[in-house]
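Note: the block below is final-v7.cif and it holds mmCIF, C-alpha atoms.
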data_query
loop_
_atom_site.label_atom_id
_atom_site.label_comp_id
_atom_site.auth_asym_id
_atom_site.auth_seq_id
_atom_site.Cartn_x
_atom_site.Cartn_y
_atom_site.Cartn_z
CA MET A 1 288.23 152.97 18.78
CA ALA A 2 289.99 151.64 21.89
CA VAL A 3 286.69 150.85 23.58
CA ALA A 4 285.35 149.14 20.46
CA GLY A 5 288.45 147.00 20.30
CA ILE A 6 288.19 145.95 23.92
CA LEU A 7 284.52 145.06 23.58
CA ASN A 8 284.97 143.44 20.20
CA ILE A 9 282.28 145.72 18.78
CA PRO A 10 282.15 145.53 14.97
CA LYS A 11 282.86 148.76 13.10
CA LEU A 12 279.22 149.23 12.20
CA PRO A 13 276.95 152.29 12.55
CA LEU A 14 275.09 151.90 15.82
CA PHE A 15 271.94 153.67 14.74
CA LEU A 16 271.61 152.65 11.12
CA SER A 17 268.05 151.45 10.53
CA LEU A 18 267.02 149.25 7.67
CA PRO A 19 263.36 148.83 6.70
CA LEU A 20 261.70 145.47 7.00
CA ARG A 21 262.20 143.50 3.85
CA LYS A 22 260.50 140.45 2.47
CA GLN A 23 263.08 138.50 0.55
CA SER A 24 263.21 135.39 -1.53
CA ARG A 25 266.03 133.42 0.01
CA PRO A 26 268.11 131.12 -2.21
CA LEU A 27 268.94 128.84 0.69
CA SER A 28 270.63 125.50 0.35
CA ILE A 29 269.85 124.87 4.02
CA SER A 30 266.46 123.32 4.59
CA ILE A 31 264.76 122.89 7.95
CA LYS A 32 261.17 122.51 8.96
CA ALA A 33 260.05 123.05 12.51
CA SER A 34 256.59 122.65 13.94
CA ASN A 35 255.25 123.90 17.27
CA SER A 36 258.32 125.61 18.70
CA GLN A 37 257.44 124.74 22.28
CA THR A 38 257.13 121.02 21.97
CA SER A 39 258.62 119.39 18.91
CA THR A 40 260.78 119.81 15.83
CA LYS A 41 260.35 118.08 12.51
CA GLU A 42 263.06 117.90 9.90
CA GLU A 43 262.70 116.90 6.29
CA GLU A 44 263.52 113.31 5.50
CA ASN A 45 267.05 114.17 4.36
CA PRO A 46 267.77 117.69 5.60
CA SER A 47 271.30 118.98 5.17
CA PHE A 48 273.37 122.04 5.84
CA SER A 49 275.62 122.77 2.88
CA SER A 50 278.37 125.33 2.85
CA SER A 51 278.42 128.09 0.27
CA SER A 52 282.20 128.23 0.64
CA SER A 53 283.92 125.75 -1.64
CA SER A 54 287.26 126.32 0.08
CA SER A 55 286.06 125.22 3.50
CA SER A 56 287.42 122.13 5.17
CA SER A 57 283.85 121.40 6.24
CA SER A 58 282.33 121.85 2.80
CA SER A 59 282.16 118.12 2.16
CA SER A 60 278.69 116.68 2.29
CA SER A 61 277.50 116.05 5.83
CA THR A 62 275.60 113.00 4.59
CA ALA A 63 278.94 111.26 4.00
CA THR A 64 279.79 111.43 7.68
CA THR A 65 278.36 109.10 10.28
CA PHE A 66 277.84 110.61 13.70
CA ALA A 67 277.97 108.55 16.86
CA PRO A 68 278.62 109.20 20.54
CA PRO A 69 282.26 108.93 21.71
CA PRO A 70 283.41 105.40 22.63
CA ASN A 71 282.10 104.20 26.00
CA PHE A 72 280.01 107.35 26.31
CA LYS A 73 277.48 107.48 29.12
CA PRO A 74 275.41 110.57 29.91
CA PRO A 75 276.21 111.93 33.39
CA GLU A 76 273.70 112.12 36.18
CA PRO A 77 272.37 115.66 36.72
CA LYS A 78 273.92 117.54 39.62
CA PRO A 79 271.86 120.66 40.38
CA PHE A 80 273.93 123.80 41.04
CA ALA A 81 277.16 121.80 41.08
CA ILE A 82 280.30 123.11 39.35
CA ARG A 83 283.01 120.72 38.24
CA PRO A 84 286.26 121.98 39.80
CA ASP A 85 288.06 122.47 36.47
CA LYS A 86 285.18 124.66 35.20
CA THR A 87 284.90 126.98 38.21
CA TRP A 88 286.55 129.97 36.57
CA ASP A 89 284.58 129.45 33.36
CA VAL A 90 281.34 129.70 35.30
CA VAL A 91 282.59 132.68 37.33
CA GLY A 92 283.60 134.51 34.17
CA ALA A 93 280.27 133.81 32.51
CA SER A 94 278.46 135.02 35.64
CA LEU A 95 279.88 138.55 35.28
CA ALA A 96 277.19 139.20 32.68
CA LEU A 97 274.52 139.07 35.38
CA PHE A 98 276.13 142.09 37.04
CA PHE A 99 276.67 144.20 33.93
CA ARG A 100 273.22 143.43 32.47
CA LEU A 101 271.32 143.48 35.78
CA GLY A 102 269.89 140.02 35.18
CA THR A 103 268.35 140.77 31.77
CA GLY A 104 267.56 137.46 30.12
CA VAL A 105 267.06 135.61 33.42
CA PHE A 106 263.29 136.20 33.70
CA VAL A 107 260.42 135.90 31.26
CA SER A 108 258.27 138.97 30.65
CA GLY A 109 255.82 139.67 33.46
CA TYR A 110 257.63 137.37 35.85
CA SER A 111 256.45 137.16 39.43
CA ALA A 112 257.18 134.73 42.24
CA SER A 113 255.79 133.94 45.66
CA LEU A 114 256.58 131.45 48.41
CA VAL A 115 253.82 128.94 49.03
CA SER A 116 253.47 125.77 51.04
CA GLU A 117 254.34 122.46 49.42
CA LYS A 118 250.66 121.49 49.45
CA GLU A 119 249.81 124.26 46.99
CA ILE A 120 252.01 122.77 44.26
CA PRO A 121 250.44 119.64 42.73
CA PRO A 122 252.57 116.48 42.50
CA GLY A 123 254.42 116.31 39.19
CA GLN A 124 254.58 120.08 38.77
CA TYR A 125 257.95 121.76 38.52
CA SER A 126 258.81 124.27 41.22
CA LEU A 127 261.88 125.54 42.99
CA GLU A 128 262.18 124.44 46.61
CA LEU A 129 263.40 126.81 49.32
CA GLY A 130 263.56 125.27 52.75
CA GLY A 131 260.16 123.87 53.53
CA SER A 132 258.39 126.03 50.95
CA LYS A 133 258.13 126.13 47.19
CA VAL A 134 258.34 129.02 44.76
CA LYS A 135 255.25 129.62 42.66
CA GLU A 136 256.29 131.39 39.45
CA THR A 137 254.11 133.08 36.84
CA SER A 138 254.74 135.14 33.72
CA LYS A 139 252.90 136.87 30.89
CA ILE A 140 253.97 135.64 27.49
CA GLY A 141 252.63 136.71 24.12
CA ARG A 142 251.60 134.59 21.18
CA ARG A 143 254.03 131.92 20.07
CA PRO A 144 255.55 131.78 16.58
CA GLU A 145 254.45 128.61 14.79
CA LYS A 146 257.98 128.07 13.44
CA PRO A 147 261.18 128.97 15.30
CA ILE A 148 262.64 132.37 14.50
CA GLU A 149 265.94 132.02 12.61
CA ILE A 150 268.85 134.14 13.84
CA TYR A 151 272.36 134.33 12.44
CA GLU A 152 274.79 135.54 15.11
CA PHE A 153 277.79 134.71 17.28
CA GLU A 154 278.57 134.82 20.99
CA GLY A 155 281.27 137.50 21.01
CA CYS A 156 279.02 140.20 19.57
CA PRO A 157 277.27 142.64 21.98
CA PHE A 158 274.60 143.43 19.39
CA CYS A 159 273.83 139.70 19.15
CA ARG A 160 273.65 139.41 22.93
CA LYS A 161 270.92 142.05 23.02
CA VAL A 162 268.79 139.96 20.66
CA ARG A 163 269.44 136.78 22.64
CA GLU A 164 268.26 138.57 25.78
CA ILE A 165 264.93 139.56 24.24
CA VAL A 166 264.52 135.97 23.03
CA ALA A 167 264.74 134.86 26.66
CA VAL A 168 262.40 137.60 27.88
CA LEU A 169 259.78 136.72 25.26
CA ASP A 170 260.29 132.98 25.80
CA ILE A 171 260.43 132.23 22.09
CA ASP A 172 262.33 129.36 20.51
CA VAL A 173 265.01 130.15 17.97
CA LEU A 174 266.90 128.25 15.33
CA PHE A 175 270.40 129.70 15.70
CA TYR A 176 272.84 129.61 12.80
CA PRO A 177 276.23 130.35 14.41
CA CYS A 178 278.44 132.73 12.48
CA PRO A 179 281.89 132.70 14.15
CA LYS A 180 284.70 134.66 12.53
CA ASN A 181 286.20 132.63 9.66
CA GLY A 182 283.17 130.35 9.72
CA PRO A 183 282.73 128.85 6.24
CA ASN A 184 279.04 128.08 6.27
CA PHE A 185 276.63 130.68 7.61
CA ARG A 186 278.56 133.93 7.33
CA PRO A 187 278.49 133.57 3.53
CA LYS A 188 274.80 132.70 3.74
CA VAL A 189 274.03 136.01 5.45
CA ALA A 190 275.80 137.90 2.68
CA GLN A 191 273.88 135.86 0.13
CA MET A 192 270.52 136.56 1.75
CA GLY A 193 270.90 140.15 2.95
CA GLY A 194 273.74 141.54 0.90
CA LYS A 195 276.36 141.94 3.64
CA GLN A 196 277.98 140.12 6.55
CA GLN A 197 276.50 142.00 9.48
CA PHE A 198 275.17 140.46 12.67
CA PRO A 199 272.70 139.70 14.03
CA TYR A 200 270.53 138.87 11.05
CA MET A 201 267.00 137.62 11.66
CA VAL A 202 264.58 135.72 9.46
CA ASP A 203 261.01 135.10 10.61
CA PRO A 204 259.67 132.19 8.53
CA ASN A 205 256.20 132.87 9.90
CA THR A 206 255.96 136.28 8.20
CA GLY A 207 258.73 136.34 5.61
CA VAL A 208 260.39 139.30 7.34
CA ALA A 209 264.20 139.44 7.25
CA MET A 210 266.28 142.19 8.80
CA TYR A 211 269.57 143.42 10.22
CA GLU A 212 270.09 145.79 13.18
CA SER A 213 269.69 144.55 16.75
CA ASP A 214 267.42 147.39 17.92
CA ASP A 215 265.11 146.89 14.94
CA ILE A 216 265.00 143.13 15.55
CA ILE A 217 264.16 143.70 19.23
CA LYS A 218 261.39 146.12 18.33
CA TYR A 219 259.98 143.70 15.76
CA LEU A 220 259.98 140.76 18.16
CA VAL A 221 258.29 142.61 21.06
CA GLU A 222 255.62 143.96 18.74
CA LYS A 223 254.99 140.61 17.08
CA TYR A 224 255.42 138.22 20.01
CA GLY A 225 255.28 140.40 23.12
CA ASP A 226 253.29 143.31 24.52
CA GLY A 227 255.08 145.90 22.39
CA SER A 228 257.28 147.27 25.17
CA VAL A 229 261.07 146.99 25.10
CA PRO A 230 262.59 146.07 28.51
CA PHE A 231 264.42 148.92 30.21
CA MET A 232 267.92 147.43 29.94
CA LEU A 233 267.39 146.94 26.20
CA SER A 234 266.12 150.48 25.59
CA LEU A 235 269.19 152.51 26.57
CA GLY A 236 270.81 152.80 23.16
CA LEU A 237 274.59 153.02 23.31
CA LEU A 238 274.62 152.23 27.04
CA THR A 239 272.83 148.94 26.34
CA THR A 240 275.46 148.01 23.75
CA LEU A 241 278.34 148.99 26.01
CA THR A 242 277.08 146.97 28.98
CA ALA A 243 276.39 144.02 26.67
CA GLY A 244 280.03 144.27 25.62
CA PHE A 245 281.27 144.51 29.21
CA ALA A 246 279.19 141.40 29.99
CA MET A 247 281.51 139.35 27.79
CA ILE A 248 284.79 140.48 29.36
CA GLY A 249 284.88 137.47 31.69
CA ARG A 250 284.91 135.04 28.77
CA MET A 251 287.92 136.53 26.95
CA GLY A 252 286.60 136.23 23.41
CA ARG A 253 285.12 132.73 23.69
CA GLY A 254 282.49 132.01 21.06
CA ASN A 255 284.15 134.30 18.52
CA PHE A 256 286.32 132.19 16.25
CA TYR A 257 285.63 129.12 14.15
CA THR A 258 286.99 125.72 15.13
CA PRO A 259 287.06 123.26 12.20
CA SER A 260 284.13 120.90 12.59
CA LYS A 261 281.89 118.37 10.91
CA LEU A 262 278.51 119.79 9.98
CA PRO A 263 275.65 117.51 11.11
CA PRO A 264 272.57 116.86 8.97
CA LYS A 265 270.14 117.93 11.71
CA PRO A 266 270.26 120.87 14.13
CA LEU A 267 270.96 120.05 17.75
CA GLU A 268 268.43 121.09 20.41
CA ILE A 269 269.48 122.87 23.57
CA TRP A 270 267.23 123.83 26.46
CA SER A 271 268.78 126.98 27.85
CA TYR A 272 268.45 130.72 28.34
CA GLU A 273 270.75 133.70 27.98
CA GLY A 274 271.02 134.57 31.67
CA SER A 275 272.50 131.22 32.75
CA PRO A 276 276.33 131.06 33.03
CA PHE A 277 276.16 127.26 32.64
CA CYS A 278 274.27 127.66 29.36
CA LYS A 279 276.70 130.33 28.21
CA ILE A 280 279.59 127.85 28.23
CA ILE A 281 277.65 125.48 25.97
CA ARG A 282 276.58 128.21 23.59
CA GLU A 283 280.18 129.30 23.11
CA VAL A 284 281.19 125.84 21.93
CA LEU A 285 278.14 125.48 19.68
CA VAL A 286 279.13 128.76 18.01
CA GLU A 287 282.83 127.93 17.69
CA LEU A 288 281.96 124.59 16.07
CA GLU A 289 279.36 126.34 13.88
CA LEU A 290 276.66 123.86 14.91
CA PRO A 291 273.10 124.95 14.06
CA HIS A 292 270.88 124.46 17.07
CA ILE A 293 267.32 125.06 18.17
CA GLN A 294 267.23 126.77 21.53
CA ARG A 295 264.24 125.95 23.68
CA SER A 296 264.17 129.12 25.75
CA CYS A 297 263.33 128.44 29.38
CA ALA A 298 264.21 131.43 31.56
CA ARG A 299 262.59 131.73 34.99
CA GLY A 300 258.83 131.85 34.53
CA SER A 301 258.84 129.89 31.28
CA PRO A 302 256.11 127.24 30.93
CA LYS A 303 258.68 125.14 29.09
CA ARG A 304 260.31 124.35 32.41
CA GLN A 305 257.34 122.11 33.07
CA ILE A 306 257.69 120.56 29.61
CA LEU A 307 261.33 119.65 30.24
CA TYR A 308 260.48 118.45 33.75
CA GLU A 309 257.96 115.99 32.29
CA LYS A 310 260.22 115.04 29.40
CA ALA A 311 263.40 114.30 31.35
CA GLY A 312 262.00 113.67 34.82
CA HIS A 313 264.02 116.57 36.12
CA PHE A 314 264.53 120.25 35.33
CA GLN A 315 268.03 121.54 34.87
CA VAL A 316 269.72 123.55 32.14
CA PRO A 317 271.51 123.24 29.89
CA TYR A 318 269.94 120.07 28.53
CA LEU A 319 271.12 118.79 25.15
CA GLU A 320 269.23 116.64 22.68
CA ASP A 321 271.24 115.52 19.67
CA PRO A 322 269.05 113.94 16.97
CA ASN A 323 272.17 112.96 15.02
CA THR A 324 273.39 110.52 17.69
CA GLY A 325 270.37 110.05 19.95
CA VAL A 326 272.24 111.50 22.94
CA GLN A 327 270.28 113.37 25.62
CA MET A 328 272.21 114.79 28.53
CA PHE A 329 272.54 117.33 31.35
CA GLU A 330 275.72 118.90 32.82
CA SER A 331 277.50 121.73 31.01
CA ALA A 332 281.09 120.50 31.43
CA GLU A 333 280.28 117.07 30.01
CA ILE A 334 278.20 118.57 27.19
CA VAL A 335 281.22 120.64 26.13
CA GLU A 336 283.38 117.52 26.04
CA TYR A 337 280.71 115.61 24.11
CA LEU A 338 280.34 118.34 21.47
CA ARG A 339 284.08 118.59 20.89
CA ALA A 340 284.55 114.81 20.76
CA THR A 341 281.64 114.35 18.35
CA TYR A 342 281.91 117.32 16.00
CA ALA A 343 285.37 118.92 16.15
CA GLN A 344 287.73 117.89 13.36
#
Show me this structure written as structure tokens.
Amino acid sequence: MAVAGILNIPKLPLFLSLPLRKQSRPLSISIKASNSQTSTKEEENPSFSSSSSSSSSSSSSTATTFAPPPNFKPPEPKPFAIRPDKTWDVVGASLALFFRLGTGVFVSGYSASLVSEKEIPPGQYSLELGGSKVKETSKIGRRPEKPIEIYEFEGCPFCRKVREIVAVLDIDVLFYPCPKNGPNFRPKVAQMGGKQQFPYMVDPNTGVAMYESDDIIKYLVEKYGDGSVPFMLSLGLLTTLTAGFAMIGRMGRGNFYTPSKLPPKPLEIWSYEGSPFCKIIREVLVELELPHIQRSCARGSPKRQILYEKAGHFQVPYLEDPNTGVQMFESAEIVEYLRATYAQ
């Protein structure tokens, strides 16, 4: 019990398996997403409505107008730079790389080689090292037509396992954050699946909905990968324990709900689980209970090229907010923007 308390592991059976279930979902949340690699389409008036009438955020999101903070100007990207006041945040988030041996940093089948600059065509993204460039390749499976939907929260080691396989498989996900005391999506999970247990996955492409992190991982690798579970995600209890240790440096961030205004459209974040800079953003998105589509772009992802062409530069995290029109780099400034725009 002492270890579970330290790791914030829910009191849930570790090896309970539930069969795949096709469910009719009485959702009041409505989102449509097209090709998960390139674009997202929402209904004309999509909205996220709380199933908790006692919530401070249960008022209709359509009654709230969202705009950038006064005098807001997106910062210029600063590759590999850490703002001094965020140094310890980044260091703490980086501990996960040690405990999880880099799981979630690379796409499945990743390989890299140093080549001369002439071998990389102009306009193609590549990492530069000295006078050479890094040529990266990977082996990804078929892409889901619609983003996978996952209900989870940052401070849960079981949820981290699923986020890691999302990065490995390079699939895009519509995350519904479920922080403790969150009024919107925790009740939805109970409504859809019968209990508040996380993570909870819904695949709109197949109609499959399920609990249990190991079952979700197995489903995703069989459906969208080569069927093999990565080593660091196949160790049972040891995987869960190291996923819990990976969060020690963040001291429970991304666990508890901060009162917020629910936007009509999900935000979009280009990120991946292995990045400590992205981790800081994800924590705030969860605490504010902001639904967001994650464009997974771990090392080896072809979406790095897509972002490079889209923004004229590759760096993560990169936020696109369809509710205000803001597009921006830089994790520290993104955190400030999210709190200024959505926190109550």
Set out as CSV a contact list for range 138-160 of chain A and range 300-315 of chain A with a cut-off of 9 Å, giving each residue of range 138-160 of chain A that qualifies its closest atom pair and distance in Å to one decimal, counting only C-alpha atoms, ordered by chain and rising residue number.
residue,atom,partner,partner_atom,distance
A:Ser138,CA,A:Gly300,CA,5.3
A:Lys139,CA,A:Gly300,CA,8.6
A:Ile140,CA,A:Ser301,CA,8.4
Exactly which residues make up the result of the PyMOL selection byres ((chain A and resi 118) around 12) on this file, given as a short mmCIF file (atom, residue, chain, number, x, y, z; two decimals) with C-alpha atoms, keeping the file's coordinate frame?
data_model
loop_
_atom_site.label_atom_id
_atom_site.label_comp_id
_atom_site.auth_asym_id
_atom_site.auth_seq_id
_atom_site.Cartn_x
_atom_site.Cartn_y
_atom_site.Cartn_z
CA LEU A 114 256.58 131.45 48.41
CA VAL A 115 253.82 128.94 49.03
CA SER A 116 253.47 125.77 51.04
CA GLU A 117 254.34 122.46 49.42
CA GLU A 119 249.81 124.26 46.99
CA ILE A 120 252.01 122.77 44.26
CA PRO A 121 250.44 119.64 42.73
CA PRO A 122 252.57 116.48 42.50
CA GLN A 124 254.58 120.08 38.77
CA SER A 126 258.81 124.27 41.22
CA GLY A 131 260.16 123.87 53.53
CA SER A 132 258.39 126.03 50.95
CA LYS A 133 258.13 126.13 47.19
CA VAL A 134 258.34 129.02 44.76
CA LYS A 135 255.25 129.62 42.66
#
Could you check which of A:Pro177, A:Pro69, A:Pro75, A:Pro276 is closest to Val189 in chain A, using all atoms listed in the file? A:Pro177
Quote the spacing between CA of Gly252 in chain A and CA of Val91 in chain A in Å to one decimal place. 14.9 Å
Please write as number ranges by chain the full residue list that the PyMOL selection byres ((chain A and resi 279-284) around 8) yields on this file. A: 89-90, 93, 154, 253-255, 273-278, 285-288, 317, 331, 334-335, 338-339
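Among A:Lys188, A:Arg142, A:Arg100, A:Lys195, the residue with the shortest atom-to-atom distance to Tyr211 in chain A, counting all atoms listed in the file, is A:Lys195.
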Report as a ChimeraX atom specification the full result of the PyMOL selection byres ((chain A and resi 204-207) around 8) when it is applied to this structure. /A:22-23,144-149,202-203,208-209
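Straight-line separation from CA of Ile217 in chain A to CA of Ile165 in chain A: 6.5 Å.
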Contact table range 291-319 of chain A vs range 260-266 of chain A, cut-off 8 Å, shortest pair per residue, all atoms listed in the file, as JSON lines:
{"residue": "A:Pro291", "atom": "CA", "partner": "A:Pro266", "partner_atom": "CA", "distance": 5.0}
{"residue": "A:His292", "atom": "CA", "partner": "A:Pro266", "partner_atom": "CA", "distance": 4.7}
{"residue": "A:Ile293", "atom": "CA", "partner": "A:Pro266", "partner_atom": "CA", "distance": 6.5}
For range 326-328 of chain A, work out the shell of residues within 10 Å, counting all atoms listed in the file and skipping chain neighbours fewer than 4 positions away, then give it as a PyMOL selection string. chain A and resi 67-68+72-77+268-269+311+316-322+333-334+337
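The spacing separating CA of Phe329 in chain A from CA of Ser271 in chain A amounts to 10.9 Å.
Nearest-residue note for Asn323 in chain A: choosing from A:Leu290, A:Val221, A:Leu174, A:Cys297, the minimum distance belongs to A:Leu290, counting only C-alpha atoms.
When all atoms listed in the file are used to measure the gap to Leu235 in chain A, the shortest distance among A:Pro199, A:Ala298, A:Phe175, A:Lys161 belongs to A:Lys161.
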Output range 131-143 of chain A as a PDB file, in the coordinates of the input, making sure N, CA, C and O atoms are there.
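Once written, result06.pdb looks like this:
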ATOM      1  N   GLY A 131     261.369 124.677  53.508  1.00  0.00           N
ATOM      2  CA  GLY A 131     260.160 123.870  53.530  1.00  0.00           C
ATOM      3  C   GLY A 131     259.060 124.417  52.642  1.00  0.00           C
ATOM      4  O   GLY A 131     257.931 123.922  52.666  1.00  0.00           O
ATOM      5  N   SER A 132     259.389 125.417  51.842  1.00  0.00           N
ATOM      6  CA  SER A 132     258.390 126.030  50.950  1.00  0.00           C
ATOM      7  C   SER A 132     258.784 125.822  49.499  1.00  0.00           C
ATOM      8  O   SER A 132     259.873 125.355  49.185  1.00  0.00           O
ATOM      9  N   LYS A 133     257.862 126.191  48.621  1.00  0.00           N
ATOM     10  CA  LYS A 133     258.130 126.130  47.190  1.00  0.00           C
ATOM     11  C   LYS A 133     257.839 127.505  46.573  1.00  0.00           C
ATOM     12  O   LYS A 133     257.073 128.294  47.108  1.00  0.00           O
ATOM     13  N   VAL A 134     258.501 127.749  45.450  1.00  0.00           N
ATOM     14  CA  VAL A 134     258.340 129.020  44.760  1.00  0.00           C
ATOM     15  C   VAL A 134     257.323 128.849  43.635  1.00  0.00           C
ATOM     16  O   VAL A 134     257.513 128.027  42.731  1.00  0.00           O
ATOM     17  N   LYS A 135     256.253 129.619  43.713  1.00  0.00           N
ATOM     18  CA  LYS A 135     255.250 129.620  42.660  1.00  0.00           C
ATOM     19  C   LYS A 135     255.580 130.746  41.693  1.00  0.00           C
ATOM     20  O   LYS A 135     255.608 131.919  42.078  1.00  0.00           O
ATOM     21  N   GLU A 136     255.844 130.411  40.436  1.00  0.00           N
ATOM     22  CA  GLU A 136     256.290 131.390  39.450  1.00  0.00           C
ATOM     23  C   GLU A 136     255.244 131.552  38.342  1.00  0.00           C
ATOM     24  O   GLU A 136     254.664 130.577  37.877  1.00  0.00           O
ATOM     25  N   THR A 137     255.027 132.787  37.937  1.00  0.00           N
ATOM     26  CA  THR A 137     254.110 133.080  36.840  1.00  0.00           C
ATOM     27  C   THR A 137     254.763 134.090  35.902  1.00  0.00           C
ATOM     28  O   THR A 137     255.716 134.774  36.265  1.00  0.00           O
ATOM     29  N   SER A 138     254.229 134.183  34.704  1.00  0.00           N
ATOM     30  CA  SER A 138     254.740 135.140  33.720  1.00  0.00           C
ATOM     31  C   SER A 138     253.619 135.473  32.737  1.00  0.00           C
ATOM     32  O   SER A 138     252.556 134.839  32.752  1.00  0.00           O
ATOM     33  N   LYS A 139     253.873 136.456  31.898  1.00  0.00           N
ATOM     34  CA  LYS A 139     252.900 136.870  30.890  1.00  0.00           C
ATOM     35  C   LYS A 139     253.580 136.837  29.531  1.00  0.00           C
ATOM     36  O   LYS A 139     254.332 137.739  29.184  1.00  0.00           O
ATOM     37  N   ILE A 140     253.336 135.773  28.797  1.00  0.00           N
ATOM     38  CA  ILE A 140     253.970 135.640  27.490  1.00  0.00           C
ATOM     39  C   ILE A 140     252.961 135.928  26.395  1.00  0.00           C
ATOM     40  O   ILE A 140     251.755 135.742  26.556  1.00  0.00           O
ATOM     41  N   GLY A 141     253.473 136.402  25.264  1.00  0.00           N
ATOM     42  CA  GLY A 141     252.630 136.710  24.120  1.00  0.00           C
ATOM     43  C   GLY A 141     252.375 135.489  23.263  1.00  0.00           C
ATOM     44  O   GLY A 141     252.641 134.351  23.661  1.00  0.00           O
ATOM     45  N   ARG A 142     251.896 135.723  22.066  1.00  0.00           N
ATOM     46  CA  ARG A 142     251.600 134.590  21.180  1.00  0.00           C
ATOM     47  C   ARG A 142     252.904 133.960  20.711  1.00  0.00           C
ATOM     48  O   ARG A 142     253.941 134.613  20.619  1.00  0.00           O
ATOM     49  N   ARG A 143     252.852 132.691  20.443  1.00  0.00           N
ATOM     50  CA  ARG A 143     254.030 131.920  20.070  1.00  0.00           C
ATOM     51  C   ARG A 143     254.162 131.835  18.558  1.00  0.00           C
ATOM     52  O   ARG A 143     253.179 131.580  17.862  1.00  0.00           O
TER      53      ARG A 143
END
